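Asker: Sending over model27.pdb (PDB, C-alpha atoms, pLDDT in the B column).
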```pdb
MODEL        1
ATOM      1  CA  MET A   1       0.000   0.000   0.000  1.00 48.00           C
ATOM      2  CA  ARG A   2       2.856   2.385   0.830  1.00 45.00           C
ATOM      3  CA  TRP A   3       4.431   1.957  -2.587  1.00 44.00           C
ATOM      4  CA  LEU A   4       1.071   2.774  -4.188  1.00 43.00           C
ATOM      5  CA  ILE A   5       0.730   6.008  -2.216  1.00 41.00           C
ATOM      6  CA  ALA A   6       4.332   6.939  -3.032  1.00 43.00           C
ATOM      7  CA  THR A   7       3.699   6.316  -6.731  1.00 43.00           C
ATOM      8  CA  ILE A   8       0.523   8.398  -6.662  1.00 42.00           C
ATOM      9  CA  LEU A   9       2.289  11.272  -4.932  1.00 41.00           C
ATOM     10  CA  SER A  10       5.231  11.214  -7.326  1.00 42.00           C
ATOM     11  CA  LEU A  11       2.879  11.307 -10.284  1.00 41.00           C
ATOM     12  CA  SER A  12       0.792  14.119  -8.846  1.00 40.00           C
ATOM     13  CA  ALA A  13       3.913  16.138  -8.044  1.00 39.00           C
ATOM     14  CA  SER A  14       5.320  15.928 -11.555  1.00 39.00           C
ATOM     15  CA  ALA A  15       2.214  16.363 -13.685  1.00 46.00           C
ATOM     16  CA  ALA A  16      -1.343  17.498 -13.326  1.00 60.00           C
ATOM     17  CA  PHE A  17      -4.101  14.929 -13.633  1.00 63.00           C
ATOM     18  CA  ALA A  18      -6.726  17.238 -15.078  1.00 68.00           C
ATOM     19  CA  GLY A  19      -9.987  15.844 -16.281  1.00 71.00           C
ATOM     20  CA  ALA A  20     -13.237  17.458 -17.222  1.00 77.00           C
ATOM     21  CA  GLN A  21     -16.571  17.858 -15.533  1.00 85.00           C
ATOM     22  CA  LEU A  22     -19.291  16.479 -17.768  1.00 84.00           C
ATOM     23  CA  TYR A  23     -22.260  18.577 -18.804  1.00 84.00           C
ATOM     24  CA  GLU A  24     -25.449  17.426 -17.143  1.00 82.00           C
ATOM     25  CA  PRO A  25     -28.831  19.172 -17.435  1.00 79.00           C
ATOM     26  CA  LEU A  26     -29.773  20.998 -14.240  1.00 82.00           C
ATOM     27  CA  SER A  27     -33.210  21.856 -12.941  1.00 79.00           C
ATOM     28  CA  ALA A  28     -34.123  25.538 -12.899  1.00 85.00           C
ATOM     29  CA  SER A  29     -33.945  25.623  -9.102  1.00 83.00           C
ATOM     30  CA  VAL A  30     -30.467  24.068  -9.005  1.00 84.00           C
ATOM     31  CA  ARG A  31     -29.221  26.432 -11.717  1.00 85.00           C
ATOM     32  CA  ALA A  32     -30.604  29.385  -9.785  1.00 89.00           C
ATOM     33  CA  ALA A  33     -28.963  28.244  -6.549  1.00 86.00           C
ATOM     34  CA  LEU A  34     -25.581  27.673  -8.238  1.00 87.00           C
ATOM     35  CA  HIS A  35     -25.825  31.012 -10.042  1.00 88.00           C
ATOM     36  CA  LYS A  36     -26.471  32.777  -6.738  1.00 86.00           C
ATOM     37  CA  SER A  37     -23.516  30.976  -5.184  1.00 85.00           C
ATOM     38  CA  VAL A  38     -20.997  32.003  -7.849  1.00 87.00           C
ATOM     39  CA  SER A  39     -22.381  35.533  -8.163  1.00 82.00           C
ATOM     40  CA  ASP A  40     -22.408  36.584  -4.513  1.00 72.00           C
ATOM     41  CA  VAL A  41     -20.006  39.419  -3.807  1.00 67.00           C
ATOM     42  CA  ARG A  42     -17.229  38.452  -1.445  1.00 63.00           C
ATOM     43  CA  PRO A  43     -17.869  40.190   1.890  1.00 58.00           C
ATOM     44  CA  PRO A  44     -14.918  41.989   3.540  1.00 61.00           C
ATOM     45  CA  SER A  45     -14.476  39.430   6.293  1.00 71.00           C
ATOM     46  CA  SER A  46     -12.075  36.632   7.177  1.00 83.00           C
ATOM     47  CA  SER A  47     -13.004  32.966   6.966  1.00 90.00           C
ATOM     48  CA  PHE A  48     -10.844  32.212  10.005  1.00 91.00           C
ATOM     49  CA  ASP A  49     -12.338  31.976  13.481  1.00 87.00           C
ATOM     50  CA  ASN A  50      -9.792  34.444  14.831  1.00 91.00           C
ATOM     51  CA  PRO A  51      -6.560  36.200  13.766  1.00 92.00           C
ATOM     52  CA  MET A  52      -4.340  33.622  15.497  1.00 93.00           C
ATOM     53  CA  ASP A  53      -5.957  30.781  13.543  1.00 94.00           C
ATOM     54  CA  ALA A  54      -5.140  32.664  10.331  1.00 95.00           C
ATOM     55  CA  VAL A  55      -1.520  33.215  11.339  1.00 95.00           C
ATOM     56  CA  GLU A  56      -1.012  29.555  12.297  1.00 96.00           C
ATOM     57  CA  TRP A  57      -2.706  28.102   9.192  1.00 97.00           C
ATOM     58  CA  LEU A  58      -0.916  30.402   6.760  1.00 97.00           C
ATOM     59  CA  ALA A  59       2.432  29.806   8.461  1.00 97.00           C
ATOM     60  CA  GLU A  60       1.901  26.068   8.069  1.00 97.00           C
ATOM     61  CA  MET A  61       0.672  26.105   4.457  1.00 97.00           C
ATOM     62  CA  SER A  62       2.839  28.805   2.890  1.00 98.00           C
ATOM     63  CA  PRO A  63       6.178  26.889   3.006  1.00 98.00           C
ATOM     64  CA  ARG A  64       4.509  23.863   1.379  1.00 97.00           C
ATOM     65  CA  LEU A  65       3.482  25.989  -1.593  1.00 97.00           C
ATOM     66  CA  GLU A  66       6.638  28.076  -1.896  1.00 97.00           C
ATOM     67  CA  LYS A  67       8.367  25.992  -4.586  1.00 96.00           C
ATOM     68  CA  ARG A  68       5.312  26.139  -6.832  1.00 96.00           C
ATOM     69  CA  ILE A  69       4.478  29.807  -6.149  1.00 97.00           C
ATOM     70  CA  PRO A  70       7.653  31.693  -5.122  1.00 97.00           C
ATOM     71  CA  ASN A  71       6.011  35.137  -4.899  1.00 97.00           C
ATOM     72  CA  ARG A  72       5.059  35.446  -1.227  1.00 97.00           C
ATOM     73  CA  ASP A  73       2.329  38.079  -1.609  1.00 96.00           C
ATOM     74  CA  TYR A  74       0.582  36.146  -4.358  1.00 96.00           C
ATOM     75  CA  ARG A  75       1.016  32.875  -2.477  1.00 97.00           C
ATOM     76  CA  MET A  76      -0.584  34.304   0.658  1.00 96.00           C
ATOM     77  CA  ASP A  77      -3.438  35.806  -1.349  1.00 95.00           C
ATOM     78  CA  LEU A  78      -4.033  32.428  -2.979  1.00 97.00           C
ATOM     79  CA  LEU A  79      -4.053  30.623   0.362  1.00 97.00           C
ATOM     80  CA  ARG A  80      -6.434  33.132   1.954  1.00 96.00           C
ATOM     81  CA  SER A  81      -8.713  32.835  -1.074  1.00 95.00           C
ATOM     82  CA  VAL A  82      -8.644  29.023  -0.974  1.00 97.00           C
ATOM     83  CA  HIS A  83      -9.527  29.058   2.712  1.00 97.00           C
ATOM     84  CA  TYR A  84     -12.334  31.548   2.192  1.00 95.00           C
ATOM     85  CA  GLU A  85     -13.943  29.847  -0.809  1.00 95.00           C
ATOM     86  CA  ALA A  86     -13.585  26.361   0.678  1.00 96.00           C
ATOM     87  CA  LYS A  87     -15.174  27.362   3.971  1.00 95.00           C
ATOM     88  CA  ARG A  88     -17.889  29.258   2.130  1.00 92.00           C
ATOM     89  CA  ALA A  89     -18.796  26.075   0.254  1.00 94.00           C
ATOM     90  CA  GLY A  90     -18.563  23.872   3.351  1.00 95.00           C
ATOM     91  CA  LEU A  91     -15.351  22.175   2.201  1.00 97.00           C
ATOM     92  CA  ASP A  92     -12.070  21.400   3.923  1.00 97.00           C
ATOM     93  CA  PRO A  93      -9.484  23.944   2.633  1.00 98.00           C
ATOM     94  CA  GLN A  94      -6.809  21.240   2.704  1.00 98.00           C
ATOM     95  CA  LEU A  95      -8.976  19.019   0.471  1.00 98.00           C
ATOM     96  CA  VAL A  96      -9.230  21.885  -2.017  1.00 98.00           C
ATOM     97  CA  LEU A  97      -5.448  22.326  -1.984  1.00 98.00           C
ATOM     98  CA  GLY A  98      -5.032  18.609  -2.669  1.00 98.00           C
ATOM     99  CA  LEU A  99      -7.472  18.825  -5.570  1.00 98.00           C
ATOM    100  CA  MET A 100      -5.644  21.844  -7.004  1.00 98.00           C
ATOM    101  CA  GLN A 101      -2.317  20.014  -6.792  1.00 97.00           C
ATOM    102  CA  VAL A 102      -3.671  17.058  -8.731  1.00 97.00           C
ATOM    103  CA  GLU A 103      -5.769  19.046 -11.219  1.00 96.00           C
ATOM    104  CA  SER A 104      -3.371  21.815 -12.218  1.00 97.00           C
ATOM    105  CA  SER A 105      -0.206  21.474 -10.123  1.00 96.00           C
ATOM    106  CA  PHE A 106      -1.047  25.049  -9.008  1.00 97.00           C
ATOM    107  CA  ARG A 107      -0.705  26.503 -12.505  1.00 97.00           C
ATOM    108  CA  LYS A 108      -3.011  29.496 -12.889  1.00 96.00           C
ATOM    109  CA  TYR A 109      -3.252  29.276 -16.672  1.00 96.00           C
ATOM    110  CA  ALA A 110      -3.390  25.487 -16.992  1.00 95.00           C
ATOM    111  CA  VAL A 111      -5.682  24.228 -19.764  1.00 95.00           C
ATOM    112  CA  SER A 112      -6.493  20.533 -20.067  1.00 93.00           C
ATOM    113  CA  SER A 113      -6.920  18.658 -23.342  1.00 91.00           C
ATOM    114  CA  ALA A 114     -10.676  18.873 -22.739  1.00 91.00           C
ATOM    115  CA  GLY A 115     -10.504  22.648 -22.215  1.00 94.00           C
ATOM    116  CA  ALA A 116     -10.777  22.787 -18.408  1.00 95.00           C
ATOM    117  CA  ARG A 117      -9.157  25.942 -17.076  1.00 96.00           C
ATOM    118  CA  GLY A 118      -7.201  27.356 -14.200  1.00 97.00           C
ATOM    119  CA  TYR A 119      -6.201  26.189 -10.755  1.00 97.00           C
ATOM    120  CA  MET A 120      -9.266  24.003 -10.223  1.00 97.00           C
ATOM    121  CA  GLN A 121      -9.666  23.038 -13.903  1.00 97.00           C
ATOM    122  CA  VAL A 122     -13.210  24.266 -14.389  1.00 96.00           C
ATOM    123  CA  MET A 123     -14.930  23.510 -17.686  1.00 96.00           C
ATOM    124  CA  PRO A 124     -16.066  26.657 -19.595  1.00 95.00           C
ATOM    125  CA  PHE A 125     -19.638  25.422 -19.984  1.00 94.00           C
ATOM    126  CA  TRP A 126     -20.189  26.243 -16.300  1.00 95.00           C
ATOM    127  CA  VAL A 127     -19.864  29.961 -17.041  1.00 94.00           C
ATOM    128  CA  LYS A 128     -22.800  29.831 -19.452  1.00 91.00           C
ATOM    129  CA  LEU A 129     -24.733  27.396 -17.292  1.00 92.00           C
ATOM    130  CA  ILE A 130     -24.571  29.111 -13.896  1.00 91.00           C
ATOM    131  CA  GLY A 131     -22.419  32.207 -14.198  1.00 89.00           C
ATOM    132  CA  ARG A 132     -22.085  35.462 -16.012  1.00 86.00           C
ATOM    133  CA  GLN A 133     -20.865  35.740 -19.572  1.00 87.00           C
ATOM    134  CA  ASP A 134     -17.837  37.864 -18.696  1.00 91.00           C
ATOM    135  CA  ASP A 135     -16.569  35.612 -15.878  1.00 94.00           C
ATOM    136  CA  SER A 136     -12.937  34.618 -16.471  1.00 95.00           C
ATOM    137  CA  LEU A 137     -11.920  31.176 -15.253  1.00 96.00           C
ATOM    138  CA  PHE A 138      -8.296  32.355 -15.195  1.00 97.00           C
ATOM    139  CA  ASP A 139      -9.101  34.892 -12.494  1.00 95.00           C
ATOM    140  CA  LEU A 140      -7.911  33.582  -9.128  1.00 95.00           C
ATOM    141  CA  ARG A 141     -11.036  34.097  -7.059  1.00 93.00           C
ATOM    142  CA  THR A 142     -13.455  33.340  -9.893  1.00 94.00           C
ATOM    143  CA  ASN A 143     -11.788  30.001 -10.553  1.00 96.00           C
ATOM    144  CA  LEU A 144     -11.822  29.070  -6.872  1.00 96.00           C
ATOM    145  CA  ARG A 145     -15.434  30.192  -6.483  1.00 95.00           C
ATOM    146  CA  TYR A 146     -16.588  28.040  -9.403  1.00 95.00           C
ATOM    147  CA  GLY A 147     -14.452  25.056  -8.439  1.00 96.00           C
ATOM    148  CA  CYS A 148     -15.596  24.973  -4.825  1.00 96.00           C
ATOM    149  CA  THR A 149     -19.233  25.542  -5.804  1.00 95.00           C
ATOM    150  CA  ILE A 150     -19.097  22.701  -8.326  1.00 96.00           C
ATOM    151  CA  LEU A 151     -17.467  20.265  -5.894  1.00 97.00           C
ATOM    152  CA  ARG A 152     -20.090  21.170  -3.269  1.00 96.00           C
ATOM    153  CA  HIS A 153     -22.793  20.542  -5.880  1.00 95.00           C
ATOM    154  CA  TYR A 154     -21.376  17.094  -6.647  1.00 96.00           C
ATOM    155  CA  LEU A 155     -21.109  16.263  -2.942  1.00 96.00           C
ATOM    156  CA  ASP A 156     -24.763  17.178  -2.524  1.00 95.00           C
ATOM    157  CA  ILE A 157     -25.738  15.002  -5.501  1.00 95.00           C
ATOM    158  CA  GLU A 158     -23.768  12.094  -4.055  1.00 97.00           C
ATOM    159  CA  LYS A 159     -25.120  12.648  -0.524  1.00 97.00           C
ATOM    160  CA  GLY A 160     -21.667  13.350   0.922  1.00 97.00           C
ATOM    161  CA  ASP A 161     -19.823  10.506  -0.833  1.00 98.00           C
ATOM    162  CA  LEU A 162     -16.462  12.176  -1.490  1.00 97.00           C
ATOM    163  CA  PHE A 163     -15.144   9.329  -3.659  1.00 97.00           C
ATOM    164  CA  ARG A 164     -18.030   9.671  -6.123  1.00 97.00           C
ATOM    165  CA  ALA A 165     -18.093  13.464  -5.929  1.00 97.00           C
ATOM    166  CA  LEU A 166     -14.413  13.624  -6.870  1.00 97.00           C
ATOM    167  CA  GLY A 167     -15.040  11.215  -9.720  1.00 96.00           C
ATOM    168  CA  ARG A 168     -17.751  13.520 -11.042  1.00 96.00           C
ATOM    169  CA  TYR A 169     -15.493  16.536 -10.663  1.00 96.00           C
ATOM    170  CA  ASN A 170     -12.817  14.907 -12.795  1.00 94.00           C
ATOM    171  CA  GLY A 171     -15.217  13.311 -15.274  1.00 92.00           C
ATOM    172  CA  SER A 172     -14.045   9.854 -14.206  1.00 92.00           C
ATOM    173  CA  LEU A 173     -16.948   8.669 -12.055  1.00 94.00           C
ATOM    174  CA  GLY A 174     -16.490   5.065 -10.927  1.00 91.00           C
ATOM    175  CA  LYS A 175     -12.727   4.983 -11.519  1.00 94.00           C
ATOM    176  CA  PRO A 176     -10.466   4.997  -8.444  1.00 95.00           C
ATOM    177  CA  GLU A 177      -7.319   6.678  -9.770  1.00 96.00           C
ATOM    178  CA  TYR A 178      -8.357  10.315  -9.460  1.00 96.00           C
ATOM    179  CA  PRO A 179     -10.125  10.171  -6.064  1.00 97.00           C
ATOM    180  CA  ASN A 180      -7.171   8.219  -4.682  1.00 97.00           C
ATOM    181  CA  MET A 181      -4.701  10.800  -5.967  1.00 97.00           C
ATOM    182  CA  VAL A 182      -6.646  13.704  -4.453  1.00 97.00           C
ATOM    183  CA  ARG A 183      -6.993  11.915  -1.134  1.00 97.00           C
ATOM    184  CA  ALA A 184      -3.285  11.067  -1.098  1.00 97.00           C
ATOM    185  CA  ALA A 185      -2.326  14.693  -1.823  1.00 97.00           C
ATOM    186  CA  TRP A 186      -4.803  15.933   0.783  1.00 97.00           C
ATOM    187  CA  GLN A 187      -3.606  13.593   3.523  1.00 96.00           C
ATOM    188  CA  ASN A 188       0.121  13.510   2.781  1.00 96.00           C
ATOM    189  CA  GLN A 189       0.865  16.990   1.453  1.00 96.00           C
ATOM    190  CA  TRP A 190      -1.791  19.262   2.941  1.00 97.00           C
ATOM    191  CA  SER A 191      -2.963  17.683   6.203  1.00 96.00           C
ATOM    192  CA  TYR A 192      -3.253  20.141   9.071  1.00 94.00           C
ATOM    193  CA  LEU A 193      -3.908  19.784  12.763  1.00 89.00           C
ATOM    194  CA  LYS A 194      -4.833  22.969  14.535  1.00 84.00           C
ATOM    195  CA  PRO A 195      -2.376  23.616  17.389  1.00 81.00           C
ATOM    196  CA  PRO A 196      -3.912  23.138  20.831  1.00 80.00           C
ATOM    197  CA  ALA A 197      -5.056  26.318  22.531  1.00 69.00           C
ATOM    198  CA  LYS A 198      -2.506  27.701  24.954  1.00 62.00           C
ATOM    199  CA  LEU A 199      -3.729  28.066  28.508  1.00 53.00           C
ATOM    200  CA  ALA A 200      -3.326  31.507  29.949  1.00 49.00           C
ATOM    201  CA  GLN A 201      -0.926  31.433  32.877  1.00 52.00           C
ATOM    202  CA  ALA A 202      -2.180  32.915  36.118  1.00 49.00           C
ATOM    203  CA  SER A 203      -0.323  35.901  37.520  1.00 48.00           C
ATOM    204  CA  PRO A 204       1.922  35.086  40.521  1.00 50.00           C
TER     205      PRO A 204
ENDMDL
END
```
Take the structure from the file and write it as structure tokens.
Answerer:
Amino acid sequence: MRWLIATILSLSASAAFAGAQLYEPLSASVRAALHKSVSDVRPPSSSFDNPMDAVEWLAEMSPRLEKRIPNRDYRMDLLRSVHYEAKRAGLDPQLVLGLMQVESSFRKYAVSSAGARGYMQVMPFWVKLIGRQDDSLFDLRTNLRYGCTILRHYLDIEKGDLFRALGRYNGSLGKPEYPNMVRAAWQNQWSYLKPPAKLAQASP
């Protein structure tokens, strides 16, 4: 089993495993809900519970992403945006980072053979289906907003079954390779345990 995980990680580190979400007709109510989700203006608030949580999470994640994104300011903006959009969609931010690693290897302008675009490899048909005509899937926050919304949609369809939801996201439903790669990246590259709260020491 260990050799399989090592092989998966080496493959995901060297090349993206981008697929393509498949077009499926949506009911008017689902389209409306997804449109509202991708169109909401980002409020000026943090997705972290408190400033210390933000400092600790960013300090843990930033060095892991440094080789792929050397520019510190852009790297921190990306991480804050991933955390915000993931939490907004009810997803684990570390899962989203694992998916991005496998899908695009953190390449902003990645385009798959099927035409999927950006960090989270979103298919262009989603813009027409649930978005606005001028939405750019190469824009950082737009790509993350669509990607997280779509993965949440697939999780809802599959009643929380992450294996099947990931298969839908990649257009490889029923095949184990992609879900296993995302899970391996999530658990081995992006796992995070929140540090225990420090007890305040009483004054002497």
Asker: Choose the residue, out of A:Met52, A:Ile130, A:Ala116, A:Leu97, that has the smallest atom-to-atom separation from A:Ala32; count only C-alpha atoms.
Answerer: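 Between A:Met52, A:Ile130, A:Ala116, A:Leu97, the residue approaching A:Ala32 most closely is A:Ile130.
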Asker: Nearest to A:Val55 among A:Lys128, A:Lys108, A:Lys87, A:Arg80, with distances taken over only C-alpha atoms: which residue is it?
Answerer: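 Answer, going by the shortest atom-to-atom distance: A:Arg80.
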Asker: What does the structure give for the distance between atom CA of A:Ala185 and atom CA of A:Glu103, in Å to one decimal?
Answerer: 10.9 Å
Asker: Just checking: using all atoms listed in the file, which residue out of A:Ser112, A:Ser172, A:Ala20, A:Val96 ends up closest to A:Arg152?
Answerer: A:Val96
Asker: Please identify all polymer residues within 9 Å of stretch 61-69 of chain A, counting all atoms listed in the file, omitting same-chain residues fewer than 2 positions from it, and present them as a compact mmCIF listing (two decimals) with C-alpha atoms, in the frame of the given file.
Answerer:
```
# COMPACT_ATOMS: atom_id res chain seq x y z
CA GLU A 56 -1.01 29.56 12.30
CA TRP A 57 -2.71 28.10 9.19
CA LEU A 58 -0.92 30.40 6.76
CA ALA A 59 2.43 29.81 8.46
CA ASN A 71 6.01 35.14 -4.90
CA ARG A 72 5.06 35.45 -1.23
CA TYR A 74 0.58 36.15 -4.36
CA ARG A 75 1.02 32.88 -2.48
CA MET A 76 -0.58 34.30 0.66
CA LEU A 79 -4.05 30.62 0.36
CA SER A 105 -0.21 21.47 -10.12
CA PHE A 106 -1.05 25.05 -9.01
CA ARG A 107 -0.70 26.50 -12.50
CA GLN A 189 0.86 16.99 1.45
CA TRP A 190 -1.79 19.26 2.94
CA TYR A 192 -3.25 20.14 9.07
```
Asker: For A:Ile150, find every residue with an atom within 9 Å (counting all atoms listed in the file), except residues of its own chain fewer than 2 positions away, and show them as a list of chain:residue names.
Answerer: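 Near neighbours after the sequence-gap exclusion: A:Leu34, A:Val122, A:Trp126, A:Arg145, A:Tyr146, A:Gly147, A:Cys148, A:Arg152, A:His153, A:Tyr154, A:Leu155, A:Tyr169.
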Asker: Can you work out which one of A:Leu166, A:Val38, A:Ile157, A:Leu78 has the shortest atom-to-atom distance to A:Pro93, counting all atoms listed in the file?
Answerer: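 Closest to A:Pro93, using all atoms listed in the file: A:Leu78.
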Asker: Compile the contact shell of A:Leu162 as a list in words: residues with an atom at most 12 Å away, counting only C-alpha atoms, same-chain residues fewer than 4 positions apart removed.
Answerer: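 Result of the neighbour search: Leu91, Asp92, Leu95, Leu99, Leu151, Arg152, His153, Tyr154, Leu155, Asp156, Ile157, Glu158, Leu166, Gly167, Arg168, Tyr169, Leu173, Gly174, Pro176, Tyr178, Pro179, Asn180, Val182 and Arg183 of chain A.
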Asker: Mind giving me the straight-line distance from atom CA of A:Gln94 to atom CA of A:Glu60 in Å, one decimal?
Answerer: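 That distance, rounded to one decimal, is 11.3 Å.
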Asker: From the set A:Glu177, A:Leu129, A:Ser81, A:Gln187, which residue has the shortest atom-to-atom contact distance to A:Ala33, counting only C-alpha atoms?
Answerer: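 Closest to A:Ala33 of all the choices is A:Leu129.
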Asker: Would you write out, as a PyMOL selection string, every residue that the PyMOL selection byres ((chain A and resi 109) around 10) captures in this file?
Answerer: chain A and resi 104+106-108+110-112+117-119+121+137-140
